[in-house]
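Peer 1: Quick one: structure below, then a few questions.
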Amino acid sequence: MAATAGVTRYTAQEMMIVAAARRLRDGERVFVGIGLPNLACNLAKRLHAPGIQMIYEAGVVGARPLRLPLSIGDPTLVTGAQSVCSMFDVFAFYLQRGLVDVGFLGAAQVDRFGNLNSTVIGPYDRPKVRMGGSGGACDIACLARRVFVLMPHQIRRFPERVDFVTSPGYPGGREGRRALGLPDGGPDTVITNLGVLGFDEGGEMVLTSVHPGVSPEDVQANTGWPLKVAPALEVTPEPTDEELRLIREELDPRGLYLRRME
Amino acid sequence: MAATAGVTRYTAQEMMIVAAARRLRDGERVFVGIGLPNLACNLAKRLHAPGIQMIYEAGVVGARPLRLPLSIGDPTLVTGAQSVCSMFDVFAFYLQRGLVDVGFLGAAQVDRFGNLNSTVIGPYDRPKVRMGGSGGACDIACLARRVFVLMPHQIRRFPERVDFVTSPGYPGGREGRRALGLPDGGPDTVITNLGVLGFDEGGEMVLTSVHPGVSPEDVQANTGWPLKVAPALEVTPEPTDEELRLIREELDPRGLYLRRME
Amino acid sequence: MSSSKLMSMADAVRSFVRDGDVVYLAGFTHLIPFAAGHEIIRQGRRELTLCRATPDLVYDQMIAAGCARKVVFSWAGNPGVGLLRAFRREVEAGRLEVEEYTHFGMVARLTAAAMGLPFFPLRTNQGSDLPAVNPNLRTVSCPYTGQPLSAVPALPVDVAVVHVQRADPTGNAQVWGIIGEQREAAFSARRVIVSAEEIVDPEVIRADPNRTLIPDFMVHAVVHEPWAAHPSYVQGYYDRDNDFYLAWDDVSRDPAQTRAWLDEWVYGVTGRNEYVSKLGGERLESLRPEPLESPPVNYGIYR
Amino acid sequence: MSSSKLMSMADAVRSFVRDGDVVYLAGFTHLIPFAAGHEIIRQGRRELTLCRATPDLVYDQMIAAGCARKVVFSWAGNPGVGLLRAFRREVEAGRLEVEEYTHFGMVARLTAAAMGLPFFPLRTNQGSDLPAVNPNLRTVSCPYTGQPLSAVPALPVDVAVVHVQRADPTGNAQVWGIIGEQREAAFSARRVIVSAEEIVDPEVIRADPNRTLIPDFMVHAVVHEPWAAHPSYVQGYYDRDNDFYLAWDDVSRDPAQTRAWLDEWVYGVTGRNEYVSKLGGERLESLRPEPLESPPVNYGIYR
């Protein structure tokens, strides 16, 4: 995917990684999958947040992989790690215990209140498309203190109401979420190829920054409801040369997760 | 303690060990403490039940101790064992899962319906004697398939109603036990220095055998309620020479658990 | 004390896997018991309820072979690659029943069964549409705080298969690396088949009892089956065969091709030995990692 | 990445144990953190709620020293010897509050807190008089079967102390032998002090990640404290000092003698170093087991 709006110094994926990395704080415990979230965490670790602890769904903490993991349970994550626990334990003792500061999620759809769908397109009983299902996504959405969502920004992926709520955002607003008995938390930031979005007091999505060369109208055109825009809308700061160098030369030199620029 | 009723070939403790050992079946999983139950299990293993699996409360399975354990968590139980798990796991995955065929218990008091007291003598808030409390006893009483109780037979230890039910037997009879939501199980046998007692359909204690030289009247005199006696009351078969030799020469040669005969 | 439970995979499946069983082949990305899955296909088991957090290729293959009536799962994909195409085809055609949970819910169901509890309380699922499509997801009120919690029911399994690095002949099994839901699966089951890369002397097990994940009394059959987890991996023994995962994405696109693959690699071989020979030494050797041994710990001798 | 948390036991207790705290000194017969207990006595902490499945001598000593307001426990005895006399004296005099559970209930309380659940359901306690004297024991109805189950509330701990065989400077801790409730205690707590027989290079921990019971991010202080568990034992390092357990039975019979013992062995020394010197090399050496090392496992290098 070439970067949107004619920018050619970096790709949209690189912009997304950088925007996510900058939002991670030093010392935070992050529940990660492979792919973009992995790169975002590692980028933050190399720069402003060396004390980030990455916790993998497979039960691995403090991994020191010699290669980019091919799957969430890659053996390179285990060798040289600080600790390994069972799958039940990683969900119960780490995630449900409230030890996870940030969880990363992707999805096929996200809606106005941050609900995510990774289960079916169309009706559940007769799906048009059957996807993988929750995996740990709903658990992370319920239990991480802040959830970062990384997704391509397309109108079919940003409907007003998702076809199926796999992972709750703020159903019924922030109050509604609390009434369900969920701990404080929920989606914090949605990062797309067009911009960065947060959530307001009512739990509704708000555009807070657009990537360089993208207009709020571009974002609205790719969003399935009248999107709120923050009064102080910003332009996402571009990736720095150092960020791009780290991503390209050190974190994913073989382009395993990232499509290379032509 | 010298054996009752003038028998001098063996002690009352030896009779109790032998009576317990004979009731263990090959292949059974037994939840054991140290002391007499330990000796009973090991005696059965040497004779008719080589496949008995001993599970220690401390989480040890398949121990091969080089000495008699001094406490339930003795390190000699760990070295050379087949597996070690946490305390929670031994109660949840083994005991509550229904994998324990026989649990051994002792107590300060046992009553007509097999309820056991190891908590207080006198009122709970102002105890005359404060004892250790349940430990795993109530858990074993609730969850083992059959419970064997080993106790000295004295009238203050066999009241009609225990001062405090630490570990349930058949409160309200066998039906009452079921109504509490407990799995099938409960006290199977009480083995004392005077005889062996079982439980009838109603969950009430019944004298099934008296040790050699003991009369049913002796037993009644040491029991705090009118004790039922089985129609076919037996005399407990004496320990064999081989049983005594194993106990004295191989299982407890230094008399760590057993008082030696003069 | 206990006697050997060593037998062939064919005998283990013949003796312990029955038509209509609730089956759990354990292993989160690691130690996936493909050899057992293939033997179940060969022996033509039908109407199975296939349970796994991550069905992975092994269930895609069993579904394609017609073994499954229903799949109980939490994430159905080809890990790191994409979709499970046979699974998806059958679901979209309405020919395969599904019952789905979150990962946490799925392993909590096993854990409840493994602990002898009828249910497990969790702080997930609320606000999701999963409870609306799965009546097995209920709520329970905390008897202390009154707060609503989600509940999942125990998942009592008829037969679990667990692949491990090493086991002794009676079934004491040791596992390292990602331990997934191996232990919970074994304890949730009425019958347990353990397959192992190596069968070791009981003294090897006893020399490190804290490493034992499953004690022998849970185990009904022990199968010595090297490479049983291929194309998944075994920590310290071999790597994931990623080419296979990628190739399956193509093979499984088309039912006829899928069938041809099963004919060649499952029905066309008598067992894992022949499968391994057919794969060839060169391919397998390329999957071997350089060795890296753990340091010892001292247990001490107490007499 | 994380920085060293190494400090003296005096600093650890000064920084992380406060008057009125709910305290859990972990370890089932094994690895009992006596060094921490003695330091808490020396620093004169008061009004503590002392929680332990098995209070053992360490709590008997802390009770005798006046640290405790309340004891939460499941079995109060001198293991293999008899009673806890200071504990019993205070309870019988009505000067010490007690709250008691079964072993399973006690560790389930920790487990609930460690898992972020407000309660844990169990199939024990029913039919016992424990619920009649402990309003914290309630019931919960299974949302599937309707059957009544017992419930225990989570036990959120202010500060847990866990003694381990080895830890690295940031607090990754490895334990073998009886693992009791060490992990659950650490995860139930807001603050965690780890004391260790040996402080090792992080690479030793990383060479066997499956052995790590507590990850460093749970840990607030790491104390290098050899012999910290004496008179209890450390698997592979030293045996239980049974003579001490027997002697305590006499010492604790009489409040004046007990006080004299505390004056000599706790108040009279500056810390564990001095306590160890005072015990003397000969006595300690007699507790050392012959070494017996575990065999390695292969993790493999995956690049």
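All residue names refer to the structure tokens as shown: chains lettered A, B, ... in order, residues numbered from 1 in each chain, ligands numbered from 1 in order.
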Near chain C, meaning an atom within 9 Å, which residues of chain A appear when counting only C-alpha atoms? Write them as number ranges by chain.
Peer 2: A: 34-35, 58-60, 70-75, 78-79, 84-88, 91-92, 96, 115, 124-143, 164-171, 176-177, 179-183
Peer 1: Mind listing as a short mmCIF file (atom, residue, chain, number, x, y, z; two decimals) with N, CA and C atoms, in the first residue's frame which residues of chain C are within 6 Å of chain D, counting only C-alpha atoms?
Peer 2:
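Heads up, here's the output in selection.cif:
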data_model
loop_
_atom_site.label_atom_id
_atom_site.label_comp_id
_atom_site.auth_asym_id
_atom_site.auth_seq_id
_atom_site.Cartn_x
_atom_site.Cartn_y
_atom_site.Cartn_z
N ALA C 207 14.11 -36.89 37.97
CA ALA C 207 15.24 -36.00 38.24
C ALA C 207 14.84 -34.53 38.17
N ASP C 208 13.61 -34.24 37.75
CA ASP C 208 13.13 -32.85 37.70
C ASP C 208 11.60 -32.82 37.83
N GLN C 235 9.36 -27.16 20.76
CA GLN C 235 10.48 -26.35 21.29
C GLN C 235 11.71 -27.23 21.55
N GLY C 236 12.81 -26.84 20.93
CA GLY C 236 14.07 -27.57 21.13
C GLY C 236 14.26 -28.73 20.18
N PRO C 289 16.56 -26.79 15.20
CA PRO C 289 17.29 -25.64 15.72
C PRO C 289 18.66 -26.07 16.27
N GLU C 290 19.57 -25.11 16.37
CA GLU C 290 20.79 -25.39 17.13
C GLU C 290 20.39 -25.64 18.58
N PRO C 291 21.07 -26.56 19.24
CA PRO C 291 20.70 -26.84 20.63
C PRO C 291 21.08 -25.72 21.59
N LEU C 292 20.26 -25.54 22.61
CA LEU C 292 20.56 -24.59 23.69
C LEU C 292 19.99 -25.16 24.98
N GLU C 293 20.87 -25.65 25.82
CA GLU C 293 20.43 -26.38 27.01
C GLU C 293 20.24 -25.49 28.22
N SER C 294 19.23 -25.82 29.01
CA SER C 294 18.99 -25.08 30.25
C SER C 294 20.02 -25.49 31.30
N PRO C 296 21.25 -26.55 35.12
CA PRO C 296 20.60 -27.42 36.11
C PRO C 296 20.10 -26.64 37.32
N VAL C 297 19.21 -27.27 38.07
CA VAL C 297 18.91 -26.79 39.43
C VAL C 297 19.24 -27.93 40.37
N ASN C 298 19.49 -27.59 41.62
CA ASN C 298 19.89 -28.58 42.61
C ASN C 298 18.68 -28.97 43.47
N TYR C 299 18.28 -30.25 43.42
CA TYR C 299 17.19 -30.72 44.28
C TYR C 299 17.69 -31.19 45.64
N GLY C 300 18.96 -31.64 45.67
CA GLY C 300 19.51 -32.11 46.93
C GLY C 300 19.05 -33.51 47.30
N ILE C 301 19.89 -34.22 48.02
CA ILE C 301 19.54 -35.55 48.51
C ILE C 301 19.28 -35.42 50.02
N TYR C 302 18.09 -35.80 50.43
CA TYR C 302 17.71 -35.65 51.85
C TYR C 302 17.50 -37.02 52.48
#
Peer 1: Would you kindly return, as a PyMOL selection string, each protein, DNA or RNA residue with an atom no farther than 12 Å from any atom of A:Pro50, considering only C-alpha atoms and excluding same-chain residues fewer than 4 positions away?
Peer 2: (chain A and resi 21+24-29+41-46+54) or (chain D and resi 1-3)
Peer 1: Go ahead and write the residues just picked, N, CA and C atoms, as an mmCIF file, in the first residue's frame.
Peer 2:
data_model
loop_
_atom_site.group_PDB
_atom_site.id
_atom_site.type_symbol
_atom_site.label_atom_id
_atom_site.label_comp_id
_atom_site.auth_asym_id
_atom_site.auth_seq_id
_atom_site.Cartn_x
_atom_site.Cartn_y
_atom_site.Cartn_z
ATOM 1 N N ALA A 21 3.538 3.951 18.398
ATOM 2 C CA ALA A 21 4.717 3.890 19.265
ATOM 3 C C ALA A 21 4.799 5.113 20.165
ATOM 4 N N LEU A 24 2.894 5.031 23.468
ATOM 5 C CA LEU A 24 3.268 4.092 24.534
ATOM 6 C C LEU A 24 4.193 4.792 25.510
ATOM 7 N N ARG A 25 3.985 4.512 26.805
ATOM 8 C CA ARG A 25 4.778 5.190 27.834
ATOM 9 C C ARG A 25 5.797 4.224 28.432
ATOM 10 N N ASP A 26 6.853 4.790 28.891
ATOM 11 C CA ASP A 26 7.911 3.954 29.471
ATOM 12 C C ASP A 26 7.370 3.162 30.657
ATOM 13 N N GLY A 27 7.760 1.885 30.722
ATOM 14 C CA GLY A 27 7.364 1.046 31.844
ATOM 15 C C GLY A 27 6.006 0.384 31.685
ATOM 16 N N GLU A 28 5.283 0.712 30.622
ATOM 17 C CA GLU A 28 3.968 0.095 30.459
ATOM 18 C C GLU A 28 4.088 -1.374 30.063
ATOM 19 N N ARG A 29 3.079 -2.130 30.483
ATOM 20 C CA ARG A 29 2.982 -3.531 30.086
ATOM 21 C C ARG A 29 1.998 -3.614 28.929
ATOM 22 N N CYS A 41 5.704 -1.500 19.425
ATOM 23 C CA CYS A 41 6.291 -1.662 20.757
ATOM 24 C C CYS A 41 7.806 -1.611 20.685
ATOM 25 N N ASN A 42 8.356 -2.336 19.727
ATOM 26 C CA ASN A 42 9.807 -2.382 19.641
ATOM 27 C C ASN A 42 10.402 -1.030 19.264
ATOM 28 N N LEU A 43 9.665 -0.272 18.466
ATOM 29 C CA LEU A 43 10.116 1.069 18.119
ATOM 30 C C LEU A 43 10.134 1.966 19.368
ATOM 31 N N ALA A 44 9.058 1.891 20.143
ATOM 32 C CA ALA A 44 8.991 2.698 21.371
ATOM 33 C C ALA A 44 10.115 2.313 22.331
ATOM 34 N N LYS A 45 10.397 1.016 22.417
ATOM 35 C CA LYS A 45 11.471 0.538 23.301
ATOM 36 C C LYS A 45 12.827 1.104 22.902
ATOM 37 N N ARG A 46 13.045 1.220 21.595
ATOM 38 C CA ARG A 46 14.331 1.731 21.134
ATOM 39 C C ARG A 46 14.451 3.236 21.340
ATOM 40 N N MET A 54 6.663 -6.404 27.071
ATOM 41 C CA MET A 54 5.725 -6.985 26.118
ATOM 42 C C MET A 54 5.258 -8.348 26.636
ATOM 43 N N MET D 1 16.479 -3.694 30.823
ATOM 44 C CA MET D 1 15.461 -2.668 30.641
ATOM 45 C C MET D 1 15.031 -2.119 32.002
ATOM 46 N N SER D 2 14.486 -3.018 32.847
ATOM 47 C CA SER D 2 14.122 -2.582 34.187
ATOM 48 C C SER D 2 15.411 -2.409 34.966
ATOM 49 N N SER D 3 15.352 -1.594 36.019
ATOM 50 C CA SER D 3 16.578 -1.421 36.782
ATOM 51 C C SER D 3 16.528 -2.254 38.053
#
Peer 1: Would you list, as a ChimeraX atom specification, the residues of stretch 174-247 of chain B that end up in alpha helix (DSSP H) under DSSP run on this structure's backbone?
Peer 2: /B:174-179,216-221,241-245
Peer 1: Could you dump the residues just selected with N, CA and C atoms as a CSV table (one decimal), in the first residue's frame?
Peer 2:
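Heads up, here's the output in selection-v4.csv:
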chain,number,residue,atom,x,y,z
B,174,ARG,N,-27.1,-39.6,54.7
B,174,ARG,CA,-26.5,-39.5,53.3
B,174,ARG,C,-27.2,-38.6,52.4
B,175,GLU,N,-28.6,-38.5,52.6
B,175,GLU,CA,-29.4,-37.6,51.8
B,175,GLU,C,-29.0,-36.2,52.1
B,176,GLY,N,-28.9,-35.9,53.4
B,176,GLY,CA,-28.5,-34.6,53.8
B,176,GLY,C,-27.2,-34.1,53.2
B,177,ARG,N,-26.3,-35.0,53.1
B,177,ARG,CA,-25.0,-34.7,52.5
B,177,ARG,C,-25.1,-34.4,51.1
B,178,ARG,N,-26.0,-35.2,50.4
B,178,ARG,CA,-26.2,-34.9,48.9
B,178,ARG,C,-26.8,-33.5,48.7
B,179,ALA,N,-27.8,-33.2,49.6
B,179,ALA,CA,-28.5,-31.9,49.5
B,179,ALA,C,-27.6,-30.7,49.7
B,216,PRO,N,-17.6,-55.8,72.4
B,216,PRO,CA,-18.5,-54.7,72.0
B,216,PRO,C,-18.8,-53.8,73.2
B,217,GLU,N,-18.9,-54.3,74.3
B,217,GLU,CA,-19.1,-53.5,75.5
B,217,GLU,C,-18.0,-52.5,75.8
B,218,ASP,N,-16.8,-53.0,75.6
B,218,ASP,CA,-15.6,-52.1,75.7
B,218,ASP,C,-15.8,-50.9,74.8
B,219,VAL,N,-16.2,-51.2,73.6
B,219,VAL,CA,-16.3,-50.1,72.6
B,219,VAL,C,-17.4,-49.2,73.0
B,220,GLN,N,-18.6,-49.8,73.4
B,220,GLN,CA,-19.7,-48.9,73.9
B,220,GLN,C,-19.3,-48.0,75.0
B,221,ALA,N,-18.5,-48.6,75.9
B,221,ALA,CA,-18.1,-47.8,77.1
B,221,ALA,C,-17.3,-46.6,76.7
B,241,ASP,N,2.8,-61.8,60.8
B,241,ASP,CA,4.2,-61.6,61.1
B,241,ASP,C,4.9,-60.8,60.0
B,242,GLU,N,4.5,-61.0,58.8
B,242,GLU,CA,5.1,-60.3,57.7
B,242,GLU,C,4.7,-58.8,57.8
B,243,GLU,N,3.5,-58.5,58.1
B,243,GLU,CA,3.0,-57.1,58.2
B,243,GLU,C,3.8,-56.5,59.4
B,244,LEU,N,4.0,-57.1,60.5
B,244,LEU,CA,4.7,-56.6,61.6
B,244,LEU,C,6.2,-56.4,61.3
B,245,ARG,N,6.7,-57.3,60.6
B,245,ARG,CA,8.1,-57.2,60.2
B,245,ARG,C,8.3,-56.0,59.3
Peer 1: Which neighbours of A:Thr208 fall inside 12 Å, counting only C-alpha atoms, when residues of the same chain fewer than 6 positions from it are skipped, and could you give them as a count of residues only?
Peer 2: 25
Peer 1: Stretch 77-284 of chain D: which residues are strand (DSSP E) by DSSP, as a ChimeraX atom specification?
Peer 2: /D:97-100,119-122,138-141,148-153,157-167,173-174,189-199,212-214,221-224
Peer 1: As an exercise, work out the distance from atom CA of D:Asp56 to atom CA of B:Ala108 in Å and give it to one decimal place.
Peer 2: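 Here the two named atoms are 20.1 Å from each other.
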Peer 1: How many Å lie between atom CA of B:Tyr257 and atom CA of B:Arg145, rounded to one decimal?
Peer 2: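 A separation of 26.4 Å between them.
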Peer 1: By how many Å are atom CA of A:Arg64 and atom CA of A:Ile17 apart?
Peer 2: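 Computed distance, atom CA of A:Arg64 to atom CA of A:Ile17, equals 20.0 Å.
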